[in-house]
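S.K.: My questions all concern the structure below.
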Amino acid sequence: MSILAYQYENHKEKQRVIVGEHKEIFHLFRDGKHEAAASLMKEHLLHSLVYAEEILGCTR
């Protein structure tokens, strides 16, 4: 996982999206919007899976 995290750092646009999603999830959770935060977290994890597949050269 740390190898993928390092690779994300080399992709500035992906890194910007990841950080933005983290902030949005945090704010939703902090504001008590737990279901919305959970929904966005699921979407975020899917984005991370796609990024990882791109880095590793995998296809679904």
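Here, A, B, ... name the chains of the structure tokens in the order displayed, residue numbers run from 1 inside each chain, and ligands are numbered from 1 in the same displayed order.
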List the spatial neighbours of range 21-31 of chain A as a count of residues only - criterion: any atom at most 12 Å away, only C-alpha atoms, same-chain residues fewer than 2 positions off excluded.

M.R.: 22

S.K.: Please identify the alpha helix (DSSP H) residues within chain A (assignment by DSSP from backbone atoms) and present them as a ChimeraX atom specification.

M.R.: /A:2-9,12-30,34-56
